[in-house]
Amino acid sequence: MNLRFSEVFSGLPINALEQVSSGASTDMVDRILDKGRIRNLEEFAIMLSPAASGRLEDLSRLSQQVTRQHFGRVVRLFAPLYLSNECVNICKYCGFSRNNPIPRITLPVEKVGNETLLLAKQGFRSLLLVAGEHPRFVSEGYVQECIRQCLKHMPSILVEIAPMEIDGYRPIVEAGSEGVVVYQETYDRDTYREMHPHGPKKNFDWRLDSVERGYEAGFRRLGIGALFGLHDWRHEALALAAHAQHLSQRCCNAQLSISFPRMRPAAGEFEPKIRHLLGDRDLVQLVSALRIFLPHAAFVLSTRETPQFRDGIFPLGITNMSAGSSTEPGAYSDYEASTWKPRRTQPGEQFHIADERSPAEIAQVLRRDGYEPVWKDFDATLVTAEKTA
């Protein structure tokens, strides 16, 4: 039976897998390392274990080998472009939460085109359009107009917007967007309920199935992720891996990408619980284990992370990176073109980034380490040709 993930999620043995992870031995870890692959969620749980943390060097080395085998020595660079920070949801951890006193902005379509041109001059050919969830400001037709404006300068457009029905997604696909990104934020229902007290985002299952509806609408790239820091990281990692495995089987004609965002400072002064924080070694372990489990998935790392950490982790499994990012609508117009540094503070941002290097600086680091920065790996004319053939 072709079930959606929400229909199988409650039956997943996540708690049992957590027990497998906590009780795993070094011998169990070594047997999986010797095989060089992770076959199922139980083995993935073992490689998330404290015992596997003691084999982190071997695990990360294997992850690097698998990544190079399937992706070579290339990293795809993209930029987020925020359309609006208007939002009807209350999300306790988010700077856009409707109860936060930030300046609210929704960009006119012409301004979106100007911002896109500035990013194109920095080298970008791939954009992620991001918007808060507000039906009055991000209304019907607005996103499609923005996509068409962006396509004048960018061949690759993905969207991270409010979840929709299949029929709501179809016009966005027809306007030229190739992918949709929806982070579940947390896969723990109780934590999700606590973090989202008001607004349409309260519906856990509706959000959980968003990318599957997007796939049925025609998107060819699907992005998921958990916001690490809201709940126990191993629980989140196991659920995220199960979600990715489900999508790779049910949406087999799409490219799947997985993100690993960690909590960052934002308006509202939300403080995550210390016991839920995902440390640097833990994130390396997670990325490495997931790469061996899902060798074909794209892994995304954002400017939430520090320059030093990004430079160290990307060879281990990362295939896509944002660069020179701003999380405030319209902020790129205030950047100094030569240095790509903001001329002012950004009070309307969703969160404050940690890697403030310019796109050129990040590309230089990639080349220094023997990698090729890829600004574009897709052209819409290929899909157009397929449809008209």
# chains A, B, ... in the order shown; residues from 1 in each chain; ligands from 1
call {"tool": "residues_around", "arguments": {"residues": "Thr106 of chain A", "least_positions_apart": "2", "cutoff": "9 Å", "atoms": "only C-alpha atoms", "output": "VMD selection string"}}
result
chain A and resid 82 to 86 104 108 131 137 to 138 329 to 330
call {"tool": "residues_around", "arguments": {"residues": "Phe309 of chain A", "least_positions_apart": "5", "cutoff": "10 Å", "atoms": "only C-alpha atoms", "output": "PDB file with C-alpha atoms, in the first residue's frame"}}
result
ATOM      1  CA  ASP A 280      29.991  19.596  16.856  1.00  0.00           C
ATOM      2  CA  VAL A 284      29.841  15.082  12.455  1.00  0.00           C
ATOM      3  CA  PHE A 314      31.922  19.752   4.220  1.00  0.00           C
ATOM      4  CA  ASP A 355      29.303  32.359   8.543  1.00  0.00           C
TER       5      ASP A 355
END
call {"tool": "select_by_dssp", "arguments": {"residues": "segment 276-362 of chain A", "states": "strand (DSSP E or B)", "output": "MDAnalysis selection string"}}
result
chainID A and resid 298:301 320:322 335:336 341:342
call {"tool": "residues_around", "arguments": {"residues": "Lys376 of chain A", "least_positions_apart": "6", "cutoff": "9 Å", "atoms": "only C-alpha atoms", "output": "VMD selection string"}}
result
chain A and resid 76 to 78 124 to 126 155 to 156
call {"tool": "write_last_selection", "arguments": {"atoms": "N, CA and C atoms", "output": "PDB file, in the first residue's frame"}}
result
ATOM      1  N   ARG A  76      27.642  22.255  -4.401  1.00  0.00           N
ATOM      2  CA  ARG A  76      26.689  23.158  -5.050  1.00  0.00           C
ATOM      3  C   ARG A  76      26.403  24.333  -4.124  1.00  0.00           C
ATOM      4  N   LEU A  77      26.579  25.547  -4.616  1.00  0.00           N
ATOM      5  CA  LEU A  77      26.347  26.756  -3.831  1.00  0.00           C
ATOM      6  C   LEU A  77      25.003  27.380  -4.209  1.00  0.00           C
ATOM      7  N   PHE A  78      24.287  27.863  -3.191  1.00  0.00           N
ATOM      8  CA  PHE A  78      23.013  28.528  -3.439  1.00  0.00           C
ATOM      9  C   PHE A  78      22.846  29.650  -2.419  1.00  0.00           C
ATOM     10  N   PHE A 124      25.771  33.440  -8.184  1.00  0.00           N
ATOM     11  CA  PHE A 124      24.732  32.439  -7.928  1.00  0.00           C
ATOM     12  C   PHE A 124      23.878  32.179  -9.161  1.00  0.00           C
ATOM     13  N   ARG A 125      23.497  30.916  -9.329  1.00  0.00           N
ATOM     14  CA  ARG A 125      22.545  30.511 -10.347  1.00  0.00           C
ATOM     15  C   ARG A 125      21.455  29.631  -9.745  1.00  0.00           C
ATOM     16  N   SER A 126      21.417  29.569  -8.406  1.00  0.00           N
ATOM     17  CA  SER A 126      20.423  28.757  -7.714  1.00  0.00           C
ATOM     18  C   SER A 126      19.928  29.511  -6.489  1.00  0.00           C
ATOM     19  N   PRO A 155      18.453  30.189 -13.206  1.00  0.00           N
ATOM     20  CA  PRO A 155      17.798  29.036 -13.832  1.00  0.00           C
ATOM     21  C   PRO A 155      17.218  28.037 -12.844  1.00  0.00           C
ATOM     22  N   SER A 156      17.590  28.134 -11.573  1.00  0.00           N
ATOM     23  CA  SER A 156      17.174  27.129 -10.602  1.00  0.00           C
ATOM     24  C   SER A 156      16.539  27.810  -9.389  1.00  0.00           C
TER      25      SER A 156
END
call {"tool": "closest_residue", "arguments": {"among": "A:Pro307, A:Gly113, A:Gly268, A:Gly11", "to": "Ile362 of chain A", "atoms": "only C-alpha atoms"}}
result
A:Pro307
call {"tool": "closest_atom_pairs", "arguments": {"of": "segment 119-185 of chain A", "to": "segment 336-353 of chain A", "cutoff": "10 Å", "atoms": "only C-alpha atoms", "output": "JSON lines"}}
result
{"residue": "A:Leu119", "atom": "CA", "partner": "A:Ala337", "partner_atom": "CA", "distance": 9.7}
{"residue": "A:Lys121", "atom": "CA", "partner": "A:Ala337", "partner_atom": "CA", "distance": 8.9}
{"residue": "A:Gln122", "atom": "CA", "partner": "A:Ala337", "partner_atom": "CA", "distance": 8.3}
{"residue": "A:Gly132", "atom": "CA", "partner": "A:Gln350", "partner_atom": "CA", "distance": 9.3}
call {"tool": "write_last_selection", "arguments": {"atoms": "C-alpha atoms", "output": "compact mmCIF listing (two decimals), in the first residue's frame"}}
result
# COMPACT_ATOMS: atom_id res chain seq x y z
CA LEU A 119 22.87 37.61 -6.22
CA LYS A 121 26.28 39.21 -10.01
CA GLN A 122 27.86 37.36 -7.05
CA GLY A 132 6.81 33.38 6.43
call {"tool": "closest_atom_pairs", "arguments": {"of": "segment 260-284 of chain A", "to": "segment 182-195 of chain A", "cutoff": "12 Å", "atoms": "only C-alpha atoms", "output": "tab-separated table"}}
result
residue	atom	partner	partner_atom	distance
A:Phe260	CA	A:Tyr183	CA	9.7
A:Pro261	CA	A:Glu185	CA	9.1
A:Arg262	CA	A:Glu185	CA	10.1
A:Met263	CA	A:Glu185	CA	10.4
A:Phe270	CA	A:Met195	CA	10.3
A:Glu271	CA	A:Met195	CA	11.8
A:Pro272	CA	A:Met195	CA	10.8
A:Lys273	CA	A:Thr191	CA	11.7
A:His276	CA	A:Thr191	CA	11.5
call {"tool": "residues_around", "arguments": {"residues": "segment 24-33 of chain A", "least_positions_apart": "4", "cutoff": "12 Å", "atoms": "only C-alpha atoms", "output": "ChimeraX atom specification"}}
result
/A:17-20,37-40,42-63,288-289,292-293
call {"tool": "write_last_selection", "arguments": {"atoms": "C-alpha atoms", "output": "PDB file, in the first residue's frame"}}
result
ATOM      1  CA  LEU A  17      15.832   2.156  18.049  1.00  0.00           C
ATOM      2  CA  GLU A  18      16.963   4.645  20.684  1.00  0.00           C
ATOM      3  CA  GLN A  19      17.478   1.711  23.043  1.00  0.00           C
ATOM      4  CA  VAL A  20      19.485  -0.094  20.354  1.00  0.00           C
ATOM      5  CA  ARG A  37      27.527   0.281   4.472  1.00  0.00           C
ATOM      6  CA  ILE A  38      24.457   0.743   6.659  1.00  0.00           C
ATOM      7  CA  ARG A  39      21.571  -1.414   5.515  1.00  0.00           C
ATOM      8  CA  ASN A  40      18.667  -0.443   7.784  1.00  0.00           C
ATOM      9  CA  GLU A  42      18.767  -0.524  13.275  1.00  0.00           C
ATOM     10  CA  GLU A  43      22.303  -0.324  11.932  1.00  0.00           C
ATOM     11  CA  PHE A  44      21.906   3.435  11.560  1.00  0.00           C
ATOM     12  CA  ALA A  45      20.928   3.588  15.242  1.00  0.00           C
ATOM     13  CA  ILE A  46      24.100   1.697  16.133  1.00  0.00           C
ATOM     14  CA  MET A  47      26.206   4.230  14.237  1.00  0.00           C
ATOM     15  CA  LEU A  48      24.580   7.061  16.212  1.00  0.00           C
ATOM     16  CA  SER A  49      25.540   5.399  19.483  1.00  0.00           C
ATOM     17  CA  PRO A  50      27.995   6.589  22.123  1.00  0.00           C
ATOM     18  CA  ALA A  51      30.082   3.563  21.151  1.00  0.00           C
ATOM     19  CA  ALA A  52      30.272   4.820  17.546  1.00  0.00           C
ATOM     20  CA  SER A  53      31.410   8.209  18.815  1.00  0.00           C
ATOM     21  CA  GLY A  54      34.620   6.463  19.838  1.00  0.00           C
ATOM     22  CA  ARG A  55      35.110   5.459  16.206  1.00  0.00           C
ATOM     23  CA  LEU A  56      34.367   8.901  14.806  1.00  0.00           C
ATOM     24  CA  GLU A  57      37.555   9.158  12.762  1.00  0.00           C
ATOM     25  CA  ASP A  58      36.889   5.850  10.996  1.00  0.00           C
ATOM     26  CA  LEU A  59      33.222   6.728  10.516  1.00  0.00           C
ATOM     27  CA  SER A  60      33.945  10.147   9.012  1.00  0.00           C
ATOM     28  CA  ARG A  61      36.655   8.716   6.750  1.00  0.00           C
ATOM     29  CA  LEU A  62      34.190   6.175   5.350  1.00  0.00           C
ATOM     30  CA  SER A  63      31.599   8.922   4.898  1.00  0.00           C
ATOM     31  CA  SER A 288      28.709  10.665   8.535  1.00  0.00           C
ATOM     32  CA  ALA A 289      26.296   7.919   9.581  1.00  0.00           C
ATOM     33  CA  ILE A 292      26.638   5.881   4.672  1.00  0.00           C
ATOM     34  CA  PHE A 293      22.942   5.026   5.095  1.00  0.00           C
TER      35      PHE A 293
END
call {"tool": "closest_residue", "arguments": {"among": "A:Ala297, A:Leu118, A:Ile172, A:Leu283", "to": "Ser333 of chain A", "atoms": "only C-alpha atoms"}}
result
A:Leu118
call {"tool": "select_by_dssp", "arguments": {"residues": "segment 124-202 of chain A", "states": "helix (DSSP H, G or I)", "output": "list of chain:residue names"}}
result
A:Tyr142, A:Val143, A:Gln144, A:Glu145, A:Cys146, A:Ile147, A:Arg148, A:Gln149, A:Cys150, A:Ile166, A:Asp167, A:Gly168, A:Tyr169, A:Arg170, A:Pro171, A:Ile172, A:Val173, A:Glu174, A:Ala175, A:Arg189, A:Asp190, A:Thr191, A:Tyr192, A:Arg193, A:Glu194, A:Met195, A:Pro200, A:Lys201, A:Lys202
call {"tool": "write_last_selection", "arguments": {"atoms": "C-alpha atoms", "output": "mmCIF file, in the first residue's frame"}}
result
data_model
loop_
_atom_site.group_PDB
_atom_site.id
_atom_site.type_symbol
_atom_site.label_atom_id
_atom_site.label_comp_id
_atom_site.auth_asym_id
_atom_site.auth_seq_id
_atom_site.Cartn_x
_atom_site.Cartn_y
_atom_site.Cartn_z
ATOM 1 C CA TYR A 142 2.518 36.329 -5.443
ATOM 2 C CA VAL A 143 5.011 33.456 -5.240
ATOM 3 C CA GLN A 144 4.474 32.595 -8.910
ATOM 4 C CA GLU A 145 5.167 36.207 -9.905
ATOM 5 C CA CYS A 146 8.326 36.187 -7.806
ATOM 6 C CA ILE A 147 9.492 32.951 -9.433
ATOM 7 C CA ARG A 148 8.974 34.329 -12.926
ATOM 8 C CA GLN A 149 10.877 37.464 -11.969
ATOM 9 C CA CYS A 150 13.758 35.418 -10.523
ATOM 10 C CA ILE A 166 -1.362 19.498 -4.298
ATOM 11 C CA ASP A 167 -3.448 21.937 -6.346
ATOM 12 C CA GLY A 168 -1.803 24.838 -4.517
ATOM 13 C CA TYR A 169 1.671 23.615 -5.383
ATOM 14 C CA ARG A 170 0.952 22.979 -9.086
ATOM 15 C CA PRO A 171 0.919 26.648 -10.200
ATOM 16 C CA ILE A 172 4.269 27.137 -8.457
ATOM 17 C CA VAL A 173 5.727 24.210 -10.390
ATOM 18 C CA GLU A 174 4.209 25.582 -13.604
ATOM 19 C CA ALA A 175 5.747 28.999 -12.871
ATOM 20 C CA ARG A 189 4.802 15.278 18.737
ATOM 21 C CA ASP A 190 4.794 16.620 22.302
ATOM 22 C CA THR A 191 7.673 19.003 21.608
ATOM 23 C CA TYR A 192 6.059 20.057 18.329
ATOM 24 C CA ARG A 193 2.828 20.889 20.174
ATOM 25 C CA GLU A 194 4.729 22.894 22.772
ATOM 26 C CA MET A 195 6.755 24.844 20.202
ATOM 27 C CA PRO A 200 -1.872 26.596 11.052
ATOM 28 C CA LYS A 201 1.597 25.182 11.655
ATOM 29 C CA LYS A 202 0.145 23.386 14.705
#
call {"tool": "closest_residue", "arguments": {"among": "A:Gln308, A:Asn2, A:Ser302, A:Gln245", "to": "Ala323 of chain A", "atoms": "only C-alpha atoms"}}
result
A:Ser302
call {"tool": "atom_distance", "arguments": {"atom1": "atom CA of Gly176 of chain A", "atom2": "atom CA of Leu151 of chain A"}}
result
7.6 Å
call {"tool": "residues_around", "arguments": {"residues": "Ile318 of chain A", "least_positions_apart": "3", "cutoff": "8 Å", "atoms": "only C-alpha atoms", "output": "PDB file with C-alpha atoms, in the first residue's frame"}}
result
ATOM      1  CA  THR A  67      30.496  11.040  -0.742  1.00  0.00           C
ATOM      2  CA  VAL A  75      29.811  21.419  -3.751  1.00  0.00           C
ATOM      3  CA  ALA A 298      22.131  15.633  -1.158  1.00  0.00           C
ATOM      4  CA  PHE A 299      23.224  17.040   2.220  1.00  0.00           C
ATOM      5  CA  VAL A 300      22.772  20.758   2.874  1.00  0.00           C
ATOM      6  CA  LEU A 301      24.762  22.939   5.290  1.00  0.00           C
ATOM      7  CA  ILE A 313      32.737  19.187   7.885  1.00  0.00           C
ATOM      8  CA  PHE A 314      31.922  19.752   4.220  1.00  0.00           C
ATOM      9  CA  PRO A 315      34.363  17.129   2.855  1.00  0.00           C
ATOM     10  CA  MET A 321      26.018  24.944   0.906  1.00  0.00           C
TER      11      MET A 321
END
call {"tool": "atom_distance", "arguments": {"atom1": "atom CA of Glu165 of chain A", "atom2": "atom CA of Asn89 of chain A"}}
result
18.3 Å
call {"tool": "residues_around", "arguments": {"residues": "Glu269 of chain A", "least_positions_apart": "4", "cutoff": "12 Å", "atoms": "only C-alpha atoms", "output": "JSON list (two decimals) with N, CA and C atoms, in the first residue's frame"}}
result
[["chain", "number", "residue", "atom", "x", "y", "z"],
["A", 91, "CYS", "N", 5.78, 30.40, 16.69],
["A", 91, "CYS", "CA", 6.78, 29.35, 16.85],
["A", 91, "CYS", "C", 7.80, 29.90, 17.84],
["A", 92, "LYS", "N", 7.95, 29.27, 18.97],
["A", 92, "LYS", "CA", 8.69, 29.84, 20.08],
["A", 92, "LYS", "C", 10.16, 30.09, 19.76],
["A", 93, "TYR", "N", 10.71, 29.42, 18.76],
["A", 93, "TYR", "CA", 12.14, 29.46, 18.46],
["A", 93, "TYR", "C", 12.47, 30.37, 17.27],
["A", 94, "CYS", "N", 11.45, 30.93, 16.61],
["A", 94, "CYS", "CA", 11.65, 31.60, 15.32],
["A", 94, "CYS", "C", 11.54, 33.11, 15.44],
["A", 95, "GLY", "N", 12.46, 33.82, 14.79],
["A", 95, "GLY", "CA", 12.42, 35.27, 14.79],
["A", 95, "GLY", "C", 11.22, 35.85, 14.09],
["A", 97, "SER", "N", 8.16, 34.68, 14.36],
["A", 97, "SER", "CA", 6.95, 34.40, 15.14],
["A", 97, "SER", "C", 6.11, 35.67, 15.28],
["A", 99, "ASN", "N", 4.37, 37.09, 17.38],
["A", 99, "ASN", "CA", 4.38, 37.91, 18.59],
["A", 99, "ASN", "C", 5.71, 38.61, 18.81],
["A", 100, "ASN", "N", 6.67, 38.46, 17.90],
["A", 100, "ASN", "CA", 7.95, 39.15, 18.04],
["A", 100, "ASN", "C", 7.87, 40.55, 17.42],
["A", 101, "PRO", "N", 8.35, 41.57, 18.14],
["A", 101, "PRO", "CA", 8.24, 42.96, 17.65],
["A", 101, "PRO", "C", 9.36, 43.32, 16.67],
["A", 263, "MET", "N", 20.02, 25.32, 16.25],
["A", 263, "MET", "CA", 19.46, 26.55, 16.78],
["A", 263, "MET", "C", 20.47, 27.70, 16.69],
["A", 264, "ARG", "N", 19.95, 28.88, 16.32],
["A", 264, "ARG", "CA", 20.75, 30.10, 16.27],
["A", 264, "ARG", "C", 20.02, 31.20, 17.02],
["A", 265, "PRO", "N", 20.74, 32.23, 17.50],
["A", 265, "PRO", "CA", 20.07, 33.36, 18.16],
["A", 265, "PRO", "C", 19.06, 34.03, 17.23],
["A", 351, "PHE", "N", 16.93, 34.68, 11.78],
["A", 351, "PHE", "CA", 17.97, 34.36, 12.75],
["A", 351, "PHE", "C", 19.27, 34.97, 12.24]]
call {"tool": "residues_around", "arguments": {"residues": "Leu128 of chain A", "least_positions_apart": "4", "cutoff": "9 Å", "atoms": "only C-alpha atoms", "output": "number ranges by chain"}}
result
A: 78-82, 156-160, 179-181
